[in-house]
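Report on one structure; see the data block that follows.
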Amino acid sequence: MNKQYKQALIILTLLVSVPVIVFAVYEYSSITREEKLVAEVYETQLNSILFSVNLYSEDIISSWQIKLMNRNEPADDPKTLNEFLKENPSIKLLYTFDPESDQTTIQYDGSGKSIDETKAIIDSILKNNTLKISKLFDYLKSGYRKAEPVNDTLNSDLTHILFASVDGMKKLITGISIDPKQFINKTLEPRLQVIAQEKLVISIFNKRTGEKVYSNFPGEKGEARNDKILWLLPGYEMAIKPLNTTIEDIAKKRKQENLIITGALALLLSAGAIFLLKNIRKEIRLSEIKSEFVSNVSHELRTPLSLINMFAETLSLGRVKSDEKKQEYYEIIGRETERLSAIVNKILNFSQMESGKRKYKFEEVDMNELVEKIYDSYKFHLKNKGFEVTFEKEENLPLIQADHGAISEAVINLLDNGIKYSKDKKELSIRTGKDGKYLFVSVADKGIGISTEDKKKIFEKFFRVSSDNVHNTKGTGLGLSIVKEIAAAHDGIVEVESNPGKGSTFTLKFMMKENKQNV
Ligand code: ADP
């Protein structure tokens, strides 16, 4: 791996992985924070709901208290009492207790228990709560009417409330026992519905048995049990959750969303890094190829220049006596000058192409005529180099719209390569013909051939196959990229078939006129 590329790889890996890791860690910690926050929000909400429910229960008890303390009604008047009990069906037991005479009067018993059982329950309440009872009188003395929820020791399914009153000099305790389930489902229910507003699920559980005694959405599952106890109903606890989901689900969903975003970001950054790396690799390769190109070109220029220099010097020193030799040297100088200008032209053409400035002059071109001209001018030169050349043409080829000079340049480039990359078997064959909707001209050699892997690259600018055979051959790596460009400018293609060691055939194909119109 190239050193520069390695450096770029390390820097990019760091550039991608560090922010992704930092972001992931930050996201993860913020997820936990958010989870806590969500839980806190629900905790606060639960507290305020509880506060509201407790306040409501207190209001109800206080209204009962007022009604029962007014001795004219309903306690003393059976009709009013009956109405009061009917309005509040959760009241199962109503009694008064006179601490001075230790007298208990049961005013109403709807508990369904035997009289002895009821008495035992009341007894247990009064006996176990003497402190609370005396405190209730203290409150009353200070002008504060307080009701106090109390327990019995018999584990009855009722919830008990006591409050104190004074009638003249007579101190009295009133006890109310209610059925908590009925109280929750009949009395508290409307209030809970208002609080929940179709957005929350509020459920109440029996703390001891775990039984769900109330829920505004009984079908909903998964509410978090909470040890928030209702003031009036110490045996019951309340839980809330958002409707159709749970707090865990909300946190989980957020976690998933954040994970997806982090993953997508990491992917995006990696894709960007891969893209960048590819470009960097391309640029590095291009810069390597370019420096190779400079040395190749210098090498190409140096040979004709030194030949020209040498023969011109010999001639100018007047050392050559025979006219024949002089003629031969002039010819060499001329040929090498031509070679020089061919190289320079190639580079100029290429740079024009690169900058998109190359203009093509399209005219009707007879391909046979064009190739024949090249063949004629190359024949002698090729024979001198020991090549056997054949030209096979298909007669009556249609004319094509093309730039005569550019097509000639492309064919000459292919011929030059055929010459350059032939070793012992110096055979070249040029063919013209039709292939489907295309008109073609091909140049085949029996030279060194090209491997399948290199075949994909030879049309790239500056590319030269890096094997010993080729390095011995001069070249710029521009010839085939110019051929490809010229073919493309004519809506044509260039193809190559090659077997390493056996030879190559390059074919230039141009669409024929009648087919072009149909496209
Ligand atoms: P160059 O100036 O190197 O010939 P080209 O663009 O014409 O540049 O060719 C690119 C490379 O393709 C050559 O360096 C050579 O390796 C390979 N190549 C081109 N033509 C032939 C051929 N006829 N036979 C074998 N190899 C060839």
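By convention in this document, the chains of the structure tokens carry letters A, B, ... by their order, each chain's residues are numbered from 1, and ligands are numbered from 1 in the order they are shown.
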What's the 12 Å shell around Tyr214 (chain A), counting only C-alpha atoms, without same-chain residues fewer than 5 positions away, as a PDB file with C-alpha atoms, in the first residue's frame?
```
ATOM      1  CA  PRO A 180     -63.375   0.972  49.393  1.00  0.00           C
ATOM      2  CA  LYS A 181     -64.039  -0.736  46.047  1.00  0.00           C
ATOM      3  CA  GLN A 182     -67.450   0.892  45.813  1.00  0.00           C
ATOM      4  CA  PHE A 183     -66.049   4.224  46.956  1.00  0.00           C
ATOM      5  CA  ILE A 184     -63.354   4.140  44.273  1.00  0.00           C
ATOM      6  CA  ASN A 185     -65.631   2.925  41.477  1.00  0.00           C
ATOM      7  CA  LYS A 186     -68.670   5.091  42.269  1.00  0.00           C
ATOM      8  CA  THR A 187     -67.448   8.171  44.091  1.00  0.00           C
ATOM      9  CA  LEU A 188     -63.885   8.686  42.855  1.00  0.00           C
ATOM     10  CA  GLU A 189     -64.468   7.390  39.338  1.00  0.00           C
ATOM     11  CA  LEU A 192     -60.348  10.036  37.917  1.00  0.00           C
ATOM     12  CA  GLN A 193     -61.873  10.161  34.423  1.00  0.00           C
ATOM     13  CA  VAL A 201     -54.367   5.031  32.305  1.00  0.00           C
ATOM     14  CA  ILE A 202     -55.013   5.370  36.025  1.00  0.00           C
ATOM     15  CA  SER A 203     -55.295   2.173  37.998  1.00  0.00           C
ATOM     16  CA  ILE A 204     -55.798   1.444  41.671  1.00  0.00           C
ATOM     17  CA  PHE A 205     -54.574  -1.765  43.258  1.00  0.00           C
ATOM     18  CA  ASN A 206     -55.295  -3.486  46.516  1.00  0.00           C
ATOM     19  CA  GLY A 219     -57.907  -3.734  29.209  1.00  0.00           C
ATOM     20  CA  GLU A 220     -54.585  -1.859  29.277  1.00  0.00           C
ATOM     21  CA  TYR A 236     -54.699   0.849  48.158  1.00  0.00           C
ATOM     22  CA  GLU A 237     -52.069   2.205  45.795  1.00  0.00           C
ATOM     23  CA  MET A 238     -52.241   4.033  42.543  1.00  0.00           C
ATOM     24  CA  ALA A 239     -50.385   3.663  39.242  1.00  0.00           C
ATOM     25  CA  ILE A 240     -50.398   5.659  36.028  1.00  0.00           C
TER      26      ILE A 240
END
```
Q.
List as a PyMOL selection string the protein and nucleic acid residues lying within 6 Å of ligand 1, with only C-alpha atoms and all ligand atoms counted.
A. chain A and resi 417-418+421+447-450+458+463-465+470+475-481+504
Selected residues written out, N, CA and C atoms, as an mmCIF file, in the first residue's frame:
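Output file out_24.cif is given in full below:
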```cif
data_model
loop_
_atom_site.group_PDB
_atom_site.id
_atom_site.type_symbol
_atom_site.label_atom_id
_atom_site.label_comp_id
_atom_site.auth_asym_id
_atom_site.auth_seq_id
_atom_site.Cartn_x
_atom_site.Cartn_y
_atom_site.Cartn_z
ATOM 1 N N ASN A 417 1.040 1.225 -32.439
ATOM 2 C CA ASN A 417 1.076 0.267 -31.321
ATOM 3 C C ASN A 417 1.362 -1.139 -31.832
ATOM 4 N N GLY A 418 0.715 -1.498 -32.957
ATOM 5 C CA GLY A 418 0.937 -2.823 -33.563
ATOM 6 C C GLY A 418 2.420 -3.028 -33.836
ATOM 7 N N TYR A 421 4.462 -3.084 -30.297
ATOM 8 C CA TYR A 421 4.285 -4.228 -29.392
ATOM 9 C C TYR A 421 4.343 -5.589 -30.095
ATOM 10 N N GLY A 447 1.677 -9.692 -31.851
ATOM 11 C CA GLY A 447 2.691 -9.246 -30.881
ATOM 12 C C GLY A 447 2.526 -9.841 -29.498
ATOM 13 N N ILE A 448 2.903 -9.049 -28.506
ATOM 14 C CA ILE A 448 2.990 -9.564 -27.129
ATOM 15 C C ILE A 448 1.620 -9.780 -26.473
ATOM 16 N N GLY A 449 0.591 -9.118 -27.017
ATOM 17 C CA GLY A 449 -0.752 -9.279 -26.452
ATOM 18 C C GLY A 449 -0.921 -8.557 -25.113
ATOM 19 N N ILE A 450 -2.150 -8.590 -24.600
ATOM 20 C CA ILE A 450 -2.462 -7.847 -23.363
ATOM 21 C C ILE A 450 -3.242 -8.775 -22.430
ATOM 22 N N ILE A 458 -6.047 -0.153 -20.441
ATOM 23 C CA ILE A 458 -5.189 0.439 -21.482
ATOM 24 C C ILE A 458 -5.763 1.696 -22.121
ATOM 25 N N PHE A 463 -1.856 5.436 -19.010
ATOM 26 C CA PHE A 463 -1.604 4.054 -18.574
ATOM 27 C C PHE A 463 -0.679 3.323 -19.544
ATOM 28 N N ARG A 464 0.292 2.632 -18.977
ATOM 29 C CA ARG A 464 1.155 1.756 -19.753
ATOM 30 C C ARG A 464 1.298 0.462 -18.978
ATOM 31 N N VAL A 465 1.235 -0.678 -19.693
ATOM 32 C CA VAL A 465 1.380 -1.954 -18.990
ATOM 33 C C VAL A 465 2.784 -2.016 -18.398
ATOM 34 N N VAL A 470 7.183 -4.093 -22.136
ATOM 35 C CA VAL A 470 6.650 -2.796 -22.506
ATOM 36 C C VAL A 470 7.603 -1.682 -22.113
ATOM 37 N N GLY A 475 6.985 5.086 -25.170
ATOM 38 C CA GLY A 475 5.568 5.446 -25.312
ATOM 39 C C GLY A 475 5.171 6.465 -24.266
ATOM 40 N N THR A 476 4.009 7.085 -24.494
ATOM 41 C CA THR A 476 3.541 8.120 -23.562
ATOM 42 C C THR A 476 2.337 7.653 -22.750
ATOM 43 N N GLY A 477 1.696 6.579 -23.203
ATOM 44 C CA GLY A 477 0.469 6.135 -22.534
ATOM 45 C C GLY A 477 -0.733 6.975 -22.931
ATOM 46 N N LEU A 478 -0.578 7.731 -24.024
ATOM 47 C CA LEU A 478 -1.682 8.609 -24.442
ATOM 48 C C LEU A 478 -2.423 8.075 -25.668
ATOM 49 N N GLY A 479 -1.706 7.271 -26.491
ATOM 50 C CA GLY A 479 -2.247 6.849 -27.792
ATOM 51 C C GLY A 479 -3.657 6.301 -27.722
ATOM 52 N N LEU A 480 -3.885 5.290 -26.884
ATOM 53 C CA LEU A 480 -5.201 4.650 -26.861
ATOM 54 C C LEU A 480 -6.284 5.530 -26.237
ATOM 55 N N SER A 481 -5.869 6.393 -25.276
ATOM 56 C CA SER A 481 -6.907 7.275 -24.710
ATOM 57 C C SER A 481 -7.348 8.288 -25.765
ATOM 58 N N SER A 504 -2.870 -8.984 -30.703
ATOM 59 C CA SER A 504 -4.059 -8.194 -30.345
ATOM 60 C C SER A 504 -4.735 -7.675 -31.607
#
```
**Q.** Residue contacts of Gly235 (chain A) (8 Å, only C-alpha atoms) excluding same-chain residues fewer than 3 positions away, as a PyMOL selection string
**A.** chain A and resi 206-208+229-230
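Nearest residue to Ile125 (chain A), choosing from A:Leu267, A:Leu276, A:Leu154, A:Ile332 and counting only C-alpha atoms: A:Leu154.
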Q: Step one, run DSSP on the backbone; step two, keep only residues of region 95-227 of chain A assigned to strand (DSSP E or B); then write them as a PyMOL selection string.
A: chain A and resi 95-98+103-109+147-150+159-167+170-178+200-206+212-215
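Counting only C-alpha atoms and comparing A:Ile21, A:Val443, A:Val411, A:Leu46, the residue that lies closest to Ala196 (chain A) is A:Leu46.
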Q) From the set A:Val16, A:Ile176, A:Ser114, A:Thr32, which residue has the shortest atom-to-atom contact distance to Trp64 (chain A), counting only C-alpha atoms? A)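 Among A:Val16, A:Ile176, A:Ser114, A:Thr32, it is A:Ile176 that comes nearest to Trp64 (chain A).
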Q: Please return as JSON, numbers by chain: the residues of region 73-147 of chain A that backbone DSSP assigns to alpha helix (DSSP H).
A: {"A": [78, 79, 80, 81, 82, 83, 84, 85, 86, 87, 115, 116, 117, 118, 119, 120, 121, 122, 123, 124, 125, 126, 127, 128, 130, 131, 132, 133, 134, 135, 136, 137, 138, 139, 140, 141]}
Q: Just the residues within 12 Å of Glu292 (chain A), please, counting only C-alpha atoms, with nothing from its chain fewer than 3 positions along; format it as an NGL selection string.
A: :A and (285-289 or 295-299 or 461-466 or 471 or 474-477)
